[in-house]
Structure formats: C-alpha cells, structure tokens
>>> print(open('start_21.pdb').read())   # PDB, C-alpha atoms, pLDDT in the B column
ATOM      1  CA  MET Q 272    -103.072-114.218 -20.295  1.00 48.00           C
ATOM      2  CA  THR Q 273     -99.433-113.400 -20.269  1.00 61.00           C
ATOM      3  CA  LYS Q 274     -95.963-114.698 -20.984  1.00 60.00           C
ATOM      4  CA  ILE Q 275     -94.514-116.675 -18.062  1.00 63.00           C
ATOM      5  CA  GLU Q 276     -90.963-115.876 -16.915  1.00 66.00           C
ATOM      6  CA  ARG Q 277     -88.791-118.982 -16.678  1.00 65.00           C
ATOM      7  CA  GLN Q 278     -85.712-117.891 -14.760  1.00 71.00           C
ATOM      8  CA  PRO Q 279     -83.854-120.546 -12.709  1.00 77.00           C
ATOM      9  CA  SER Q 280     -86.062-121.968 -10.002  1.00 88.00           C
ATOM     10  CA  ILE Q 281     -86.300-124.207  -6.990  1.00 90.00           C
ATOM     11  CA  ASP Q 282     -88.659-127.094  -7.722  1.00 92.00           C
ATOM     12  CA  VAL Q 283     -91.165-127.570  -4.921  1.00 92.00           C
ATOM     13  CA  ASN Q 284     -93.222-130.765  -4.640  1.00 92.00           C
ATOM     14  CA  GLU Q 285     -96.467-128.912  -4.181  1.00 93.00           C
ATOM     15  CA  ILE Q 286     -99.445-128.344  -6.453  1.00 95.00           C
ATOM     16  CA  ILE Q 287     -99.320-124.683  -7.401  1.00 95.00           C
ATOM     17  CA  THR Q 288    -103.027-124.086  -6.788  1.00 94.00           C
ATOM     18  CA  GLU Q 289    -102.692-125.604  -3.297  1.00 95.00           C
ATOM     19  CA  ARG Q 290     -99.673-123.384  -2.651  1.00 96.00           C
ATOM     20  CA  ILE Q 291    -101.730-120.321  -3.593  1.00 96.00           C
ATOM     21  CA  GLN Q 292    -104.613-121.529  -1.424  1.00 97.00           C
ATOM     22  CA  HIS Q 293    -102.270-121.996   1.538  1.00 96.00           C
ATOM     23  CA  ILE Q 294    -100.980-118.420   1.147  1.00 97.00           C
ATOM     24  CA  LEU Q 295    -104.605-117.232   1.377  1.00 97.00           C
ATOM     25  CA  GLU Q 296    -105.359-119.466   4.383  1.00 97.00           C
ATOM     26  CA  VAL Q 297    -102.389-118.188   6.392  1.00 96.00           C
ATOM     27  CA  ALA Q 298    -103.243-114.617   5.399  1.00 96.00           C
ATOM     28  CA  GLU Q 299    -106.700-115.191   6.840  1.00 96.00           C
ATOM     29  CA  GLU Q 300    -105.283-116.811   9.991  1.00 96.00           C
ATOM     30  CA  PHE Q 301    -103.201-113.688  10.690  1.00 95.00           C
ATOM     31  CA  ASN Q 302    -105.846-111.199   9.497  1.00 94.00           C
ATOM     32  CA  LEU Q 303    -103.840-110.213   6.415  1.00 96.00           C
ATOM     33  CA  GLN Q 304    -106.271-111.503   3.790  1.00 94.00           C
ATOM     34  CA  GLU Q 305    -107.273-108.126   2.361  1.00 96.00           C
ATOM     35  CA  ILE Q 306    -103.730-106.970   1.641  1.00 96.00           C
ATOM     36  CA  VAL Q 307    -102.626-110.383   0.350  1.00 97.00           C
ATOM     37  CA  ARG Q 308    -105.620-110.757  -1.982  1.00 97.00           C
ATOM     38  CA  LYS Q 309    -104.979-107.249  -3.304  1.00 97.00           C
ATOM     39  CA  ASN Q 310    -101.334-108.059  -4.087  1.00 98.00           C
ATOM     40  CA  LEU Q 311    -101.580-111.658  -5.340  1.00 98.00           C
ATOM     41  CA  ILE Q 312    -101.720-111.895  -9.120  1.00 97.00           C
ATOM     42  CA  VAL Q 313    -102.383-115.223 -10.840  1.00 96.00           C
ATOM     43  CA  ASN Q 314    -101.795-115.581 -14.596  1.00 94.00           C
ATOM     44  CA  ARG Q 315    -102.005-118.187 -17.342  1.00 92.00           C
ATOM     45  CA  SER Q 316     -99.599-118.289 -20.258  1.00 89.00           C
ATOM     46  CA  GLU Q 317    -100.822-117.234 -23.683  1.00 88.00           C
ATOM     47  CA  ASP Q 318    -101.074-120.854 -24.802  1.00 89.00           C
ATOM     48  CA  SER Q 319    -102.574-121.960 -21.428  1.00 89.00           C
ATOM     49  CA  SER Q 320     -99.727-124.426 -20.852  1.00 91.00           C
ATOM     50  CA  GLU Q 321     -98.471-122.708 -17.684  1.00 93.00           C
ATOM     51  CA  ILE Q 322     -99.877-120.952 -14.647  1.00 94.00           C
ATOM     52  CA  SER Q 323     -97.966-118.441 -12.517  1.00 94.00           C
ATOM     53  CA  TYR Q 324     -98.467-116.199  -9.555  1.00 96.00           C
ATOM     54  CA  THR Q 325     -96.734-113.192  -8.090  1.00 96.00           C
ATOM     55  CA  LEU Q 326     -97.230-111.925  -4.562  1.00 98.00           C
ATOM     56  CA  ASP Q 327     -95.763-108.484  -3.942  1.00 98.00           C
ATOM     57  CA  VAL Q 328     -96.672-106.893  -0.615  1.00 97.00           C
ATOM     58  CA  SER Q 329     -94.460-103.907   0.133  1.00 96.00           C
ATOM     59  CA  LYS Q 330     -95.822-103.179   3.614  1.00 95.00           C
ATOM     60  CA  VAL Q 331     -97.896-105.253   5.990  1.00 94.00           C
ATOM     61  CA  ASN Q 332     -98.382-105.128   9.743  1.00 94.00           C
ATOM     62  CA  PHE Q 333     -99.741-107.511  12.347  1.00 92.00           C
ATOM     63  CA  GLU Q 334    -102.538-105.675  14.185  1.00 90.00           C
ATOM     64  CA  GLN Q 335    -101.409-107.044  17.549  1.00 94.00           C
ATOM     65  CA  TYR Q 336     -97.766-105.995  16.954  1.00 96.00           C
ATOM     66  CA  PRO Q 337     -97.855-102.401  15.659  1.00 94.00           C
ATOM     67  CA  GLY Q 338     -94.067-102.050  16.020  1.00 96.00           C
ATOM     68  CA  PHE Q 339     -93.370-104.791  13.474  1.00 97.00           C
ATOM     69  CA  GLN Q 340     -93.581-104.695   9.696  1.00 97.00           C
ATOM     70  CA  MET Q 341     -93.196-107.220   6.878  1.00 97.00           C
ATOM     71  CA  LYS Q 342     -92.561-107.224   3.169  1.00 98.00           C
ATOM     72  CA  LEU Q 343     -93.524-110.329   1.230  1.00 98.00           C
ATOM     73  CA  ARG Q 344     -92.536-111.194  -2.325  1.00 97.00           C
ATOM     74  CA  GLU Q 345     -92.848-114.552  -4.033  1.00 97.00           C
ATOM     75  CA  ALA Q 346     -93.087-115.628  -7.660  1.00 96.00           C
ATOM     76  CA  ALA Q 347     -93.632-119.119  -9.057  1.00 95.00           C
ATOM     77  CA  TYR Q 348     -95.015-121.009 -12.019  1.00 94.00           C
ATOM     78  CA  ALA Q 349     -95.988-124.523 -13.022  1.00 95.00           C
ATOM     79  CA  LYS Q 350     -96.651-126.350 -16.255  1.00 93.00           C
ATOM     80  CA  VAL Q 351    -100.307-127.320 -16.585  1.00 91.00           C
ATOM     81  CA  GLU Q 352     -99.252-130.839 -17.627  1.00 91.00           C
ATOM     82  CA  ASP Q 353     -97.568-131.253 -14.197  1.00 90.00           C
ATOM     83  CA  LEU Q 354     -99.106-128.904 -11.654  1.00 88.00           C
ATOM     84  CA  SER Q 355     -97.576-130.922  -8.793  1.00 90.00           C
ATOM     85  CA  ILE Q 356     -94.159-129.327  -9.339  1.00 94.00           C
ATOM     86  CA  THR Q 357     -94.188-125.647  -8.473  1.00 95.00           C
ATOM     87  CA  LYS Q 358     -91.182-123.817  -9.844  1.00 94.00           C
ATOM     88  CA  LEU Q 359     -90.353-121.131  -7.297  1.00 95.00           C
ATOM     89  CA  ARG Q 360     -88.703-118.306  -9.281  1.00 94.00           C
ATOM     90  CA  SER Q 361     -87.832-115.952  -6.438  1.00 94.00           C
ATOM     91  CA  TYR Q 362     -88.791-114.840  -2.967  1.00 96.00           C
ATOM     92  CA  SER Q 363     -87.946-112.166  -0.464  1.00 97.00           C
ATOM     93  CA  TYR Q 364     -89.549-112.237   2.964  1.00 98.00           C
ATOM     94  CA  HIS Q 365     -88.468-109.306   5.109  1.00 98.00           C
ATOM     95  CA  GLY Q 366     -89.517-108.676   8.686  1.00 97.00           C
ATOM     96  CA  PHE Q 367     -88.306-105.955  11.016  1.00 97.00           C
ATOM     97  CA  HIS Q 368     -89.046-104.135  14.254  1.00 96.00           C
ATOM     98  CA  LEU Q 369     -89.708-100.464  13.555  1.00 96.00           C
ATOM     99  CA  GLU Q 370     -87.940 -99.286  16.713  1.00 94.00           C
ATOM    100  CA  ASP Q 371     -84.554-100.186  15.219  1.00 93.00           C
ATOM    101  CA  PRO Q 372     -85.116-101.595  11.713  1.00 94.00           C
ATOM    102  CA  LYS Q 373     -81.425-101.542  10.797  1.00 92.00           C
ATOM    103  CA  LYS Q 374     -80.553-103.913  13.647  1.00 92.00           C
ATOM    104  CA  ASP Q 375     -83.732-105.854  14.308  1.00 93.00           C
ATOM    105  CA  PHE Q 376     -84.466-107.272  10.876  1.00 95.00           C
ATOM    106  CA  ILE Q 377     -84.249-110.501   8.990  1.00 96.00           C
ATOM    107  CA  ARG Q 378     -84.731-111.178   5.300  1.00 96.00           C
ATOM    108  CA  PHE Q 379     -84.945-114.535   3.576  1.00 97.00           C
ATOM    109  CA  ASP Q 380     -83.957-114.319  -0.087  1.00 95.00           C
ATOM    110  CA  TYR Q 381     -83.981-116.604  -3.080  1.00 94.00           C
ATOM    111  CA  GLU Q 382     -82.554-114.605  -5.955  1.00 85.00           C
ATOM    112  CA  PRO Q 383     -81.298-116.858  -8.757  1.00 83.00           C
ATOM    113  CA  PHE Q 384     -80.364-113.830 -10.837  1.00 78.00           C
ATOM    114  CA  LYS Q 385     -77.809-112.572  -8.267  1.00 73.00           C
ATOM    115  CA  GLU Q 386     -74.215-113.492  -9.018  1.00 75.00           C
ATOM    116  CA  ARG Q 387     -72.379-112.113  -5.974  1.00 76.00           C
ATOM    117  CA  TYR Q 388     -74.088-114.146  -3.262  1.00 78.00           C
ATOM    118  CA  ALA Q 389     -75.576-117.571  -2.823  1.00 86.00           C
ATOM    119  CA  HIS Q 390     -78.991-117.730  -4.448  1.00 90.00           C
ATOM    120  CA  VAL Q 391     -80.611-118.843  -1.184  1.00 94.00           C
ATOM    121  CA  HIS Q 392     -79.459-116.801   1.794  1.00 94.00           C
ATOM    122  CA  ILE Q 393     -80.460-114.878   4.895  1.00 96.00           C
ATOM    123  CA  ASN Q 394     -79.700-111.221   5.478  1.00 94.00           C
ATOM    124  CA  ALA Q 395     -79.581-109.959   9.052  1.00 93.00           C
ATOM    125  CA  TYR Q 396     -77.791-107.313  11.085  1.00 89.00           C
ATOM    126  CA  LYS Q 397     -74.234-107.921   9.896  1.00 85.00           C
ATOM    127  CA  GLN Q 398     -72.422-106.864  13.076  1.00 81.00           C
ATOM    128  CA  ARG Q 399     -74.494-109.215  15.226  1.00 85.00           C
ATOM    129  CA  TRP Q 400     -75.446-112.200  13.087  1.00 84.00           C
ATOM    130  CA  GLY Q 401     -73.423-112.005   9.900  1.00 80.00           C
ATOM    131  CA  ASP Q 402     -74.764-111.324   6.451  1.00 82.00           C
ATOM    132  CA  HIS Q 403     -75.707-113.541   3.519  1.00 89.00           C
ATOM    133  CA  LEU Q 404     -76.024-116.553   5.781  1.00 94.00           C
ATOM    134  CA  VAL Q 405     -76.150-119.882   3.960  1.00 94.00           C
ATOM    135  CA  PHE Q 406     -77.416-123.245   5.212  1.00 95.00           C
ATOM    136  CA  PRO Q 407     -75.706-125.319   6.642  1.00 94.00           C
ATOM    137  CA  ASP Q 408     -72.436-123.342   6.848  1.00 93.00           C
ATOM    138  CA  ASP Q 409     -73.677-120.177   8.597  1.00 93.00           C
ATOM    139  CA  THR Q 410     -77.168-121.025   9.829  1.00 95.00           C
ATOM    140  CA  ASN Q 411     -79.325-123.963  10.823  1.00 96.00           C
ATOM    141  CA  LEU Q 412     -82.356-122.520   8.980  1.00 96.00           C
ATOM    142  CA  ASP Q 413     -82.819-124.309   5.654  1.00 95.00           C
ATOM    143  CA  ILE Q 414     -84.648-121.527   3.875  1.00 94.00           C
ATOM    144  CA  SER Q 415     -84.689-123.402   0.572  1.00 92.00           C
ATOM    145  CA  LYS Q 416     -87.788-125.027   2.139  1.00 92.00           C
ATOM    146  CA  ILE Q 417     -89.469-121.766   3.095  1.00 94.00           C
ATOM    147  CA  SER Q 418     -92.678-120.330   1.665  1.00 96.00           C
ATOM    148  CA  CYS Q 419     -94.729-117.206   2.231  1.00 96.00           C
ATOM    149  CA  PRO Q 420     -96.956-118.926   4.843  1.00 97.00           C
ATOM    150  CA  ILE Q 421     -93.893-120.183   6.729  1.00 97.00           C
ATOM    151  CA  ALA Q 422     -92.346-116.711   6.622  1.00 97.00           C
ATOM    152  CA  VAL Q 423     -95.542-115.179   8.026  1.00 97.00           C
ATOM    153  CA  LYS Q 424     -95.491-117.695  10.899  1.00 96.00           C
ATOM    154  CA  ILE Q 425     -91.812-116.957  11.586  1.00 97.00           C
ATOM    155  CA  PHE Q 426     -92.419-113.209  11.534  1.00 97.00           C
ATOM    156  CA  ASN Q 427     -95.444-113.525  13.816  1.00 96.00           C
ATOM    157  CA  ARG Q 428     -93.228-115.248  16.380  1.00 96.00           C
ATOM    158  CA  TYR Q 429     -90.380-112.753  15.931  1.00 97.00           C
ATOM    159  CA  ALA Q 430     -92.808-109.798  16.128  1.00 97.00           C
ATOM    160  CA  LYS Q 431     -93.772-110.869  19.665  1.00 94.00           C
ATOM    161  CA  ASP Q 432     -90.207-110.495  20.944  1.00 91.00           C
ATOM    162  CA  GLU Q 433     -87.295-108.891  19.096  1.00 88.00           C
ATOM    163  CA  GLY Q 434     -84.906-110.685  21.464  1.00 90.00           C
ATOM    164  CA  ASP Q 435     -86.106-114.014  20.055  1.00 91.00           C
ATOM    165  CA  PHE Q 436     -84.011-113.669  16.913  1.00 94.00           C
ATOM    166  CA  PRO Q 437     -84.478-116.328  14.185  1.00 96.00           C
ATOM    167  CA  THR Q 438     -80.754-116.714  13.420  1.00 94.00           C
ATOM    168  CA  ASN Q 439     -79.641-117.143  17.048  1.00 94.00           C
ATOM    169  CA  GLN Q 440     -78.661-120.800  16.787  1.00 93.00           C
ATOM    170  CA  GLU Q 441     -78.676-121.186  20.571  1.00 94.00           C
ATOM    171  CA  THR Q 442     -82.400-120.357  20.844  1.00 94.00           C
ATOM    172  CA  ASN Q 443     -83.916-120.698  17.362  1.00 95.00           C
ATOM    173  CA  GLN Q 444     -85.148-124.304  17.477  1.00 96.00           C
ATOM    174  CA  PRO Q 445     -88.806-123.168  17.235  1.00 96.00           C
ATOM    175  CA  TYR Q 446     -87.932-121.459  13.919  1.00 97.00           C
ATOM    176  CA  VAL Q 447     -86.149-124.573  12.658  1.00 97.00           C
ATOM    177  CA  GLU Q 448     -89.303-126.546  13.509  1.00 96.00           C
ATOM    178  CA  ILE Q 449     -91.596-124.065  11.704  1.00 96.00           C
ATOM    179  CA  ILE Q 450     -89.535-124.509   8.529  1.00 96.00           C
ATOM    180  CA  GLY Q 451     -89.211-128.264   9.061  1.00 93.00           C
ATOM    181  CA  LYS Q 452     -92.974-128.760   9.323  1.00 89.00           C
ATOM    182  CA  GLY Q 453     -93.498-126.914   6.043  1.00 78.00           C
ATOM    183  CA  ARG Q 454     -96.775-125.059   5.651  1.00 64.00           C
TER     184      ARG Q 454
END
>>> encode(input="start_21.pdb", output="structure tokens")
Amino acid sequence: MTKIERQPSIDVNEIITERIQHILEVAEEFNLQEIVRKNLIVNRSEDSSEISYTLDVSKVNFEQYPGFQMKLREAAYAKVEDLSITKLRSYSYHGFHLEDPKKDFIRFDYEPFKERYAHVHINAYKQRWGDHLVFPDDTNLDISKISCPIAVKIFNRYAKDEGDFPTNQETNQPYVEIIGKGR
C-alpha cells in the first residue's frame, strides 16, 4: 500500500485493470512480457480507495529488429469507486534506431508538470520534423489518445523501416490508424 500521486491527468474511458491487462497482452504479442512484468508496479492507496500503476522500462528491444530500441514509461491511477475512468498521470514512449539515434527517433510525451511546452507533444529530429509537435497544429497524430500498447505497435512498425517515419504526414496514415483504433 502506498500514497497515490494525483498530478494533473488525462481522463481515459477505460477500466484501469483492463488497461493493465492490455499492456501485458501486447507485451506478450511482441515477446516483451518478461521485461514488462518486471517493470510494471501496481499499488493500492493506504485507504484502498485508489489503485495505480507505473510502468518504467528504460531499455527494450524487439528480437527481430536488433537495431531498434524503446523506452516505455506510463503512470496512471483510478478511484476504486469508479474504475472505469483511468487518470493517466504521465507517459513517455521513446523509440529510436541505434544506427543514428539522434536523427532516427521519436518520443511521445505527456508531461503535465512541464511549463515550457504543451503537456501532450511529440519530440523528433528537430531539423527534419520539428520539435514539440502538437496536434492538430504540427502533426496529424493525436497522441492524447495513445497508450503503451499503441506505442509498442507504432514502434514495431517504425523498427521495420526507419524511412517510414511516424511524423511524415505524407506517408503516416498507418500510424494515424493505429492511434485511431485505440488498443
């Protein structure tokens, strides 16, 4: 039992236990279950009125794409009286090709504690794609609807081909669809 952090959040119409289960299912689908299970912590508040989870994976690889690496971070909580509303506290999903990680990377961030940039934004190679991209002004990817499983699916696609960049609005419709489908 622990105290639950209640920083600003995005409310997600999803039962928190189902959200956790879906993280585990996608981890299994992409053969990442061991590392995800090791880094997924689920807690209850001291008075048992809230449940929370934190996923913090600092390094993960797809076996079939050894030149690609991900970092996954997500934190959320829900009140036991209404588990159907998951309060997403923060996330950072970072994927990059190891050959040139400074250019071939993308990071989806929700950081409500940041004051300089929009809370929900995309970081990418600034000289090519821009930086701190915000929907709908700078990108067609609505990452306020993203989750860890969606990020893993996006990164799996991007890992196959670094030329298939998620923020290239001329070719990124498959990424828009992944986010649009949810899960």
>>> resolve_selection(input="start_21.pdb", expression="the PyMOL selection byres ((chain Q and resi 361) around 12)", output="MDAnalysis selection string")
chainID Q and resid 276:282 324:327 343:348 357:360 362:364 379:385 390:392 415 417:419
>>> closest_residue(input="start_21.pdb", among="Q:Val405, Q:Ile286, Q:Leu303, Q:Met341", to="Q:Ala430", atoms="all atoms listed in the file")
Q:Met341
>>> resolve_selection(input="start_21.pdb", expression="the PyMOL selection byres ((chain Q and resi 426-429) around 10)", output="tab-separated table (two decimals) with C-alpha atoms, in the coordinates of the input")
chain	number	residue	atom	x	y	z
Q	301	PHE	CA	-103.20	-113.69	10.69
Q	332	ASN	CA	-98.38	-105.13	9.74
Q	333	PHE	CA	-99.74	-107.51	12.35
Q	335	GLN	CA	-101.41	-107.04	17.55
Q	336	TYR	CA	-97.77	-106.00	16.95
Q	339	PHE	CA	-93.37	-104.79	13.47
Q	340	GLN	CA	-93.58	-104.70	9.70
Q	341	MET	CA	-93.20	-107.22	6.88
Q	364	TYR	CA	-89.55	-112.24	2.96
Q	365	HIS	CA	-88.47	-109.31	5.11
Q	366	GLY	CA	-89.52	-108.68	8.69
Q	367	PHE	CA	-88.31	-105.96	11.02
Q	368	HIS	CA	-89.05	-104.14	14.25
Q	375	ASP	CA	-83.73	-105.85	14.31
Q	376	PHE	CA	-84.47	-107.27	10.88
Q	377	ILE	CA	-84.25	-110.50	8.99
Q	420	PRO	CA	-96.96	-118.93	4.84
Q	421	ILE	CA	-93.89	-120.18	6.73
Q	422	ALA	CA	-92.35	-116.71	6.62
Q	423	VAL	CA	-95.54	-115.18	8.03
Q	424	LYS	CA	-95.49	-117.70	10.90
Q	425	ILE	CA	-91.81	-116.96	11.59
Q	430	ALA	CA	-92.81	-109.80	16.13
Q	431	LYS	CA	-93.77	-110.87	19.66
Q	432	ASP	CA	-90.21	-110.50	20.94
Q	433	GLU	CA	-87.30	-108.89	19.10
Q	434	GLY	CA	-84.91	-110.68	21.46
Q	435	ASP	CA	-86.11	-114.01	20.06
Q	436	PHE	CA	-84.01	-113.67	16.91
Q	437	PRO	CA	-84.48	-116.33	14.18
Q	445	PRO	CA	-88.81	-123.17	17.24
Q	446	TYR	CA	-87.93	-121.46	13.92
>>> atom_distance(input="start_21.pdb", atom1="atom CA of Q:Arg399", atom2="atom CA of Q:Val328")
27.4 Å
>>> resolve_selection(input="start_21.pdb", expression="the PyMOL selection byres ((chain Q and resi 310-322) around 9)", output="MDAnalysis selection string")
chainID Q and resid 272:275 287 291 305:309 323:328 347:352 354
>>> write_last_selection(input="start_21.pdb", atoms="C-alpha atoms", output="PDB file, keeping the file's coordinate frame")
ATOM      1  CA  MET Q 272    -103.072-114.218 -20.295  1.00 48.00           C
ATOM      2  CA  THR Q 273     -99.433-113.400 -20.269  1.00 61.00           C
ATOM      3  CA  LYS Q 274     -95.963-114.698 -20.984  1.00 60.00           C
ATOM      4  CA  ILE Q 275     -94.514-116.675 -18.062  1.00 63.00           C
ATOM      5  CA  ILE Q 287     -99.320-124.683  -7.401  1.00 95.00           C
ATOM      6  CA  ILE Q 291    -101.730-120.321  -3.593  1.00 96.00           C
ATOM      7  CA  GLU Q 305    -107.273-108.126   2.361  1.00 96.00           C
ATOM      8  CA  ILE Q 306    -103.730-106.970   1.641  1.00 96.00           C
ATOM      9  CA  VAL Q 307    -102.626-110.383   0.350  1.00 97.00           C
ATOM     10  CA  ARG Q 308    -105.620-110.757  -1.982  1.00 97.00           C
ATOM     11  CA  LYS Q 309    -104.979-107.249  -3.304  1.00 97.00           C
ATOM     12  CA  SER Q 323     -97.966-118.441 -12.517  1.00 94.00           C
ATOM     13  CA  TYR Q 324     -98.467-116.199  -9.555  1.00 96.00           C
ATOM     14  CA  THR Q 325     -96.734-113.192  -8.090  1.00 96.00           C
ATOM     15  CA  LEU Q 326     -97.230-111.925  -4.562  1.00 98.00           C
ATOM     16  CA  ASP Q 327     -95.763-108.484  -3.942  1.00 98.00           C
ATOM     17  CA  VAL Q 328     -96.672-106.893  -0.615  1.00 97.00           C
ATOM     18  CA  ALA Q 347     -93.632-119.119  -9.057  1.00 95.00           C
ATOM     19  CA  TYR Q 348     -95.015-121.009 -12.019  1.00 94.00           C
ATOM     20  CA  ALA Q 349     -95.988-124.523 -13.022  1.00 95.00           C
ATOM     21  CA  LYS Q 350     -96.651-126.350 -16.255  1.00 93.00           C
ATOM     22  CA  VAL Q 351    -100.307-127.320 -16.585  1.00 91.00           C
ATOM     23  CA  GLU Q 352     -99.252-130.839 -17.627  1.00 91.00           C
ATOM     24  CA  LEU Q 354     -99.106-128.904 -11.654  1.00 88.00           C
TER      25      LEU Q 354
END
>>> closest_residue(input="start_21.pdb", among="Q:Val447, Q:Val297, Q:Ala389, Q:Ala395", to="Q:Leu412", atoms="only C-alpha atoms")
Q:Val447
>>> atom_distance(input="start_21.pdb", atom1="atom CA of Q:Leu404", atom2="atom CA of Q:Gln440")
12.1 Å
>>> atom_distance(input="start_21.pdb", atom1="atom CA of Q:Ser329", atom2="atom CA of Q:Glu296")
19.5 Å
>>> axis_aligned_box(input="start_21.pdb", around="stretch 374-379 of chain Q", padding_each_side="3 Å", output="AutoDock Vina command-line options")
--center_x -82.7 --center_y -109.2 --center_z 8.9 --size_x 10.4 --size_y 16.6 --size_z 16.7
>>> closest_residue(input="start_21.pdb", among="Q:Lys416, Q:Asp409, Q:Lys373, Q:Tyr396", to="Q:Val283", atoms="only C-alpha atoms")
Q:Lys416
